[in-house]
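Working notes, beginning with the structure itself.
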Amino acid sequence: MKKRTKTLPAIITGVAILIGGIWMINESRYPNVPAFDDHFTRKFLNKDKKVGDGFYEFKSKTGQYTMWFPEGYRLLSENGDYARDNKDFEQWGAVPSSENKVYLFKRRFGLSIPNKIENSQTRVYYQSAYIYFKGTEKRVIVDKKKHIPNAYLAYVADKSSNKVLQISFDSSDKYKSGDEDKKKEWFLKILENIHFKDEK
């Protein structure tokens with residue numbers, strides 16, 4: 001009887017050490033960046049494919065596209081922020097990993113004619129603005145001379161199909177003058193590296 005009571009705690013301790021060791025080995029296989037610290041986000045990222053400085057390849061769960069995903073961001077997974085309907089529809093939002101409260105803009109903001117860029121596969125329409133609320137009324141300032149943008153919106157259309165991605169994000173960072181060019185370059189890098197899958 002005494003041998004059994006001594007053996008059982010030893011077995012439980014051994015199993016706990018084994019499980020902990022396996023978990024640590026598994027975790028060490030991922031890059032040491034915030035995107036991979038989030039278990040939901042890492043399901044979409046290719047840990048072996050760093051595609052640019054600060055970006056990893058993101059693979060849609062619909063199988064319809066890949067894109068560059070910033071290593072410092074995480075996907076929102078709570079409260080229905082991620083939704084997918086087979087291969088036809090996918091909706092997700094991402095926020096900087098360091099932010100606890102972020103308010104995403106779910107609806108388009110009214111702007112003038114958007115900027116446009118295109119390559120052989122996609123046509124991209126994008127715009128940025130400074131958005132704030134005065135009481136319950138949303139105010140939008142598009143003039144960058146008056147205020148540095150804190151919200152970005154883009155539509156990326158595949159030229160060979162009817163597939164379109166809408167990408168929007170807001171930034172609560174404290175901007176310094178001159179940061180807008182870096183933020184725009186960062187945003188365009190993501191937009192220009194979205195690749196839709198050929199359905200052939």
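Just so we're on the same page: first chain in the structure tokens is A, next is B, and so on; residues restart at 1 for each chain, and ligands are numbered from 1 in the order they show up.
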
ask   = What lies within 8 Å of Pro96 (chain A) using only C-alpha atoms, ignoring chain neighbours under 5 positions off, as a ChimeraX atom specification?
value = /A:72-74

Query raised in the report: Using only C-alpha atoms, which residues sit within 9 Å of Ile190 (chain A) once same-chain residues fewer than 2 positions away are excluded, as an NGL selection string?
Result: :A and (55 or 67-70 or 185-188 or 192-194)

Once you have the residues from the selection above, write them out as a short mmCIF file (atom, residue, chain, number, x, y, z; two decimals), in the first residue's frame, restricted to all heavy atoms.
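Final file, part27.cif:
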data_model
loop_
_atom_site.label_atom_id
_atom_site.label_comp_id
_atom_site.auth_asym_id
_atom_site.auth_seq_id
_atom_site.Cartn_x
_atom_site.Cartn_y
_atom_site.Cartn_z
N PHE A 55 7.49 40.92 -41.81
CA PHE A 55 6.27 40.28 -42.34
C PHE A 55 6.46 38.78 -42.50
O PHE A 55 7.56 38.31 -42.83
CB PHE A 55 5.90 40.86 -43.71
CG PHE A 55 5.54 42.31 -43.68
CD1 PHE A 55 6.50 43.28 -43.90
CD2 PHE A 55 4.24 42.71 -43.42
CE1 PHE A 55 6.19 44.62 -43.88
CE2 PHE A 55 3.91 44.06 -43.40
CZ PHE A 55 4.88 45.01 -43.63
N MET A 67 -1.06 36.66 -48.31
CA MET A 67 -0.66 38.06 -48.21
C MET A 67 0.46 38.18 -47.19
O MET A 67 0.79 37.23 -46.49
CB MET A 67 -1.85 38.95 -47.82
CG MET A 67 -2.41 38.67 -46.45
SD MET A 67 -3.81 39.75 -46.01
CE MET A 67 -2.95 41.24 -45.56
N TRP A 68 1.06 39.36 -47.11
CA TRP A 68 2.06 39.64 -46.08
C TRP A 68 1.31 40.07 -44.81
O TRP A 68 0.42 40.91 -44.88
CB TRP A 68 2.98 40.76 -46.53
CG TRP A 68 3.97 40.37 -47.58
CD1 TRP A 68 3.91 39.29 -48.42
CD2 TRP A 68 5.16 41.06 -47.92
NE1 TRP A 68 4.99 39.28 -49.26
CE2 TRP A 68 5.78 40.35 -48.97
CE3 TRP A 68 5.76 42.21 -47.45
CZ2 TRP A 68 6.97 40.76 -49.55
CZ3 TRP A 68 6.95 42.62 -48.02
CH2 TRP A 68 7.55 41.90 -49.06
N PHE A 69 1.71 39.50 -43.69
CA PHE A 69 1.08 39.84 -42.41
C PHE A 69 2.15 40.40 -41.47
O PHE A 69 3.20 39.80 -41.31
CB PHE A 69 0.44 38.59 -41.79
CG PHE A 69 -0.42 38.89 -40.60
CD1 PHE A 69 -1.76 39.21 -40.76
CD2 PHE A 69 0.09 38.86 -39.31
CE1 PHE A 69 -2.57 39.50 -39.67
CE2 PHE A 69 -0.69 39.15 -38.21
CZ PHE A 69 -2.03 39.46 -38.39
N PRO A 70 1.89 41.56 -40.86
CA PRO A 70 2.91 42.18 -39.99
C PRO A 70 3.15 41.36 -38.72
O PRO A 70 2.21 40.95 -38.06
CB PRO A 70 2.32 43.55 -39.66
CG PRO A 70 0.90 43.50 -40.05
CD PRO A 70 0.69 42.38 -40.99
N GLU A 185 3.91 53.64 -46.52
CA GLU A 185 4.79 52.65 -47.16
C GLU A 185 4.52 51.25 -46.61
O GLU A 185 4.45 50.27 -47.34
CB GLU A 185 6.25 53.04 -46.93
CG GLU A 185 7.26 52.10 -47.56
CD GLU A 185 8.68 52.52 -47.22
OE1 GLU A 185 8.93 53.69 -46.91
OE2 GLU A 185 9.55 51.63 -47.27
N TRP A 186 4.33 51.16 -45.31
CA TRP A 186 4.04 49.90 -44.63
C TRP A 186 2.71 49.32 -45.13
O TRP A 186 2.60 48.14 -45.44
CB TRP A 186 4.00 50.17 -43.13
CG TRP A 186 3.68 49.01 -42.25
CD1 TRP A 186 4.54 48.08 -41.77
CD2 TRP A 186 2.39 48.69 -41.70
NE1 TRP A 186 3.86 47.19 -40.96
CE2 TRP A 186 2.55 47.54 -40.90
CE3 TRP A 186 1.13 49.26 -41.81
CZ2 TRP A 186 1.49 46.95 -40.22
CZ3 TRP A 186 0.08 48.67 -41.13
CH2 TRP A 186 0.27 47.54 -40.35
N PHE A 187 1.68 50.17 -45.22
CA PHE A 187 0.36 49.76 -45.68
C PHE A 187 0.41 49.30 -47.13
O PHE A 187 -0.14 48.27 -47.50
CB PHE A 187 -0.62 50.93 -45.50
CG PHE A 187 -2.06 50.58 -45.74
CD1 PHE A 187 -2.65 49.49 -45.14
CD2 PHE A 187 -2.84 51.37 -46.59
CE1 PHE A 187 -3.99 49.18 -45.35
CE2 PHE A 187 -4.17 51.07 -46.80
CZ PHE A 187 -4.75 49.98 -46.18
N LEU A 188 1.10 50.06 -47.98
CA LEU A 188 1.19 49.69 -49.40
C LEU A 188 1.95 48.38 -49.60
O LEU A 188 1.63 47.60 -50.50
CB LEU A 188 1.86 50.81 -50.20
CG LEU A 188 1.04 52.09 -50.36
CD1 LEU A 188 1.84 53.15 -51.10
CD2 LEU A 188 -0.28 51.82 -51.06
N GLU A 192 0.29 45.49 -51.82
CA GLU A 192 0.93 45.06 -53.06
C GLU A 192 1.35 43.60 -53.03
O GLU A 192 1.69 43.03 -54.07
CB GLU A 192 2.15 45.94 -53.35
CG GLU A 192 1.78 47.36 -53.71
CD GLU A 192 2.96 48.32 -53.74
OE1 GLU A 192 4.02 47.99 -53.17
OE2 GLU A 192 2.81 49.39 -54.34
N ASN A 193 1.29 42.99 -51.88
CA ASN A 193 1.73 41.60 -51.76
C ASN A 193 0.59 40.65 -51.40
O ASN A 193 0.79 39.64 -50.74
CB ASN A 193 2.87 41.49 -50.76
CG ASN A 193 4.15 42.04 -51.35
OD1 ASN A 193 4.77 41.41 -52.17
ND2 ASN A 193 4.50 43.25 -50.95
N ILE A 194 -0.60 40.99 -51.86
CA ILE A 194 -1.74 40.09 -51.75
C ILE A 194 -1.82 39.32 -53.08
O ILE A 194 -1.82 39.91 -54.15
CB ILE A 194 -3.05 40.86 -51.50
CG1 ILE A 194 -2.99 41.49 -50.11
CG2 ILE A 194 -4.26 39.96 -51.65
CD1 ILE A 194 -4.12 42.42 -49.80
#

Query raised in the report: Any idea what's packed within 10 Å of Glu118 (chain A), counting only C-alpha atoms, ignoring anything in its chain fewer than 6 positions away? Could you give it as a list in words?
Result: Val124, Tyr125, Val156, Ala157, Asp158, Lys159, Leu191 and Glu192 of chain A

For N, CA, C and O atoms, I'd like the residues from the last selection saved as a tab-separated table (two decimals), in the first residue's frame.
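Final output, selection_6.tsv:
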chain	number	residue	atom	x	y	z
A	124	VAL	N	-5.76	47.94	-56.80
A	124	VAL	CA	-5.91	48.33	-55.41
A	124	VAL	C	-6.42	49.77	-55.33
A	124	VAL	O	-5.85	50.67	-55.94
A	125	TYR	N	-7.49	49.96	-54.56
A	125	TYR	CA	-8.01	51.29	-54.27
A	125	TYR	C	-7.81	51.51	-52.77
A	125	TYR	O	-8.21	50.68	-51.96
A	156	VAL	N	-8.86	45.49	-52.54
A	156	VAL	CA	-7.93	44.82	-53.43
A	156	VAL	C	-8.74	43.86	-54.29
A	156	VAL	O	-9.36	42.92	-53.78
A	157	ALA	N	-8.76	44.12	-55.61
A	157	ALA	CA	-9.57	43.32	-56.53
A	157	ALA	C	-8.68	42.48	-57.43
A	157	ALA	O	-7.70	42.98	-57.99
A	158	ASP	N	-9.03	41.22	-57.56
A	158	ASP	CA	-8.33	40.31	-58.45
A	158	ASP	C	-8.82	40.58	-59.87
A	158	ASP	O	-10.02	40.56	-60.14
A	159	LYS	N	-7.91	40.83	-60.80
A	159	LYS	CA	-8.30	41.18	-62.17
A	159	LYS	C	-8.91	40.01	-62.93
A	159	LYS	O	-9.67	40.21	-63.87
A	191	LEU	N	-0.60	45.74	-49.16
A	191	LEU	CA	-1.55	45.70	-50.27
A	191	LEU	C	-0.95	45.14	-51.55
A	191	LEU	O	-1.60	44.38	-52.28
A	192	GLU	N	0.29	45.49	-51.82
A	192	GLU	CA	0.93	45.06	-53.06
A	192	GLU	C	1.35	43.60	-53.03
A	192	GLU	O	1.69	43.03	-54.07

Q.
Give me the residues near Arg42 (chain A) as JSON, numbers by chain, where near means some atom within 12 Å (using only C-alpha atoms) and where sequence neighbours in that chain fewer than 6 positions away do not count.
A. {"A": [27, 29, 30, 31, 32, 33, 34, 35, 36, 48, 56, 57, 58, 59, 60, 69, 70, 71, 73, 74, 75, 76, 77]}

With a distance cut-off of 12 Å and only C-alpha atoms, select the neighbouring residues of Asp143 (chain A), excluding the residue or stretch itself and same-chain residues fewer than 2 positions from it, and output the selection as a PDB file with C-alpha atoms, in the first residue's frame.
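Saved the output as part.pdb:
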ATOM      1  CA  LEU A 111     -13.948  60.006 -48.849  1.00  0.00           C
ATOM      2  CA  SER A 112     -13.065  61.602 -52.128  1.00  0.00           C
ATOM      3  CA  GLN A 127      -7.362  55.910 -48.833  1.00  0.00           C
ATOM      4  CA  SER A 128      -6.459  57.208 -45.403  1.00  0.00           C
ATOM      5  CA  ALA A 129      -7.985  59.815 -43.135  1.00  0.00           C
ATOM      6  CA  TYR A 130      -8.093  61.082 -39.595  1.00  0.00           C
ATOM      7  CA  ILE A 131     -11.342  59.956 -37.952  1.00  0.00           C
ATOM      8  CA  VAL A 140     -13.449  62.586 -41.119  1.00  0.00           C
ATOM      9  CA  ILE A 141     -10.452  64.742 -42.074  1.00  0.00           C
ATOM     10  CA  LYS A 145      -1.935  68.916 -43.867  1.00  0.00           C
ATOM     11  CA  LYS A 146      -4.626  69.403 -41.224  1.00  0.00           C
ATOM     12  CA  HIS A 147      -4.200  66.087 -39.422  1.00  0.00           C
ATOM     13  CA  ILE A 148      -2.098  62.920 -39.796  1.00  0.00           C
ATOM     14  CA  PRO A 149      -4.306  59.899 -40.687  1.00  0.00           C
TER      15      PRO A 149
END

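The gap separating CA of Lys197 (chain A) from CA of Lys183 (chain A) is 27.5 Å, in Å to one decimal.
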
Residue nearest Ser168 (chain A) - candidates A:Asp53, A:Tyr82, A:Gly93, A:Ser120, atoms counted: only C-alpha atoms: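 Closest to Ser168 (chain A) of all the choices is A:Gly93.
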
- Selection near region 85-91 of chain A, 7 Å with only C-alpha atoms, sequence-local residues under 2 positions removed, as a list in words: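 Once the nearby chain positions are removed, what remains is Thr62, Gly63, Tyr82 and Ala83 of chain A.
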
Residue subset to file, keeping all heavy atoms, as a short mmCIF file (atom, residue, chain, number, x, y, z; two decimals), in the first residue's frame:
data_model
loop_
_atom_site.label_atom_id
_atom_site.label_comp_id
_atom_site.auth_asym_id
_atom_site.auth_seq_id
_atom_site.Cartn_x
_atom_site.Cartn_y
_atom_site.Cartn_z
N THR A 62 -9.73 30.13 -46.52
CA THR A 62 -10.56 29.80 -47.68
C THR A 62 -9.71 29.21 -48.80
O THR A 62 -10.23 28.67 -49.76
CB THR A 62 -11.28 31.04 -48.24
OG1 THR A 62 -10.30 31.96 -48.76
CG2 THR A 62 -12.14 31.71 -47.18
N GLY A 63 -8.39 29.40 -48.71
CA GLY A 63 -7.50 28.94 -49.78
C GLY A 63 -7.50 29.86 -50.98
O GLY A 63 -6.92 29.54 -52.02
N TYR A 82 -13.72 36.90 -36.25
CA TYR A 82 -13.32 36.08 -37.39
C TYR A 82 -14.52 35.26 -37.84
O TYR A 82 -15.21 34.64 -37.03
CB TYR A 82 -12.17 35.11 -37.03
CG TYR A 82 -11.81 34.24 -38.21
CD1 TYR A 82 -10.96 34.73 -39.20
CD2 TYR A 82 -12.33 32.97 -38.36
CE1 TYR A 82 -10.66 33.96 -40.31
CE2 TYR A 82 -12.02 32.19 -39.46
CZ TYR A 82 -11.18 32.70 -40.43
OH TYR A 82 -10.88 31.95 -41.54
N ALA A 83 -14.79 35.30 -39.14
CA ALA A 83 -15.90 34.53 -39.69
C ALA A 83 -15.49 33.99 -41.05
O ALA A 83 -14.77 34.64 -41.80
CB ALA A 83 -17.14 35.41 -39.84
#

Just how far from CA of Lys184 (chain A) is CA of Arg84 (chain A), in Å to one decimal?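 Result for CA of Arg84 (chain A) versus CA of Lys184 (chain A): 28.6 Å, one decimal.
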
**Message:** List as a VMD selection string the protein and nucleic acid residues near Tyr132 (chain A), meaning an atom at most 10 Å away when only C-alpha atoms are counted, but skip any in the same chain fewer than 4 places from it.
**Reply:** chain A and resid 136 to 141 150 to 151

Atoms kept (C-alpha atoms) for selection, written as a JSON list (two decimals), in the first residue's frame:
[["chain", "number", "residue", "atom", "x", "y", "z"],
["A", 136, "THR", "CA", -22.04, 60.67, -31.54],
["A", 137, "GLU", "CA", -21.15, 62.28, -34.87],
["A", 138, "LYS", "CA", -18.27, 60.81, -36.82],
["A", 139, "ARG", "CA", -15.88, 63.38, -38.31],
["A", 140, "VAL", "CA", -13.45, 62.59, -41.12],
["A", 141, "ILE", "CA", -10.45, 64.74, -42.07],
["A", 150, "ASN", "CA", -5.25, 57.33, -38.09],
["A", 151, "ALA", "CA", -7.48, 55.13, -40.30]]

From the list A:Phe169, A:Ala94, A:Ile117, A:Thr122, the nearest residue to Tyr65 (chain A) using only C-alpha atoms is A:Thr122
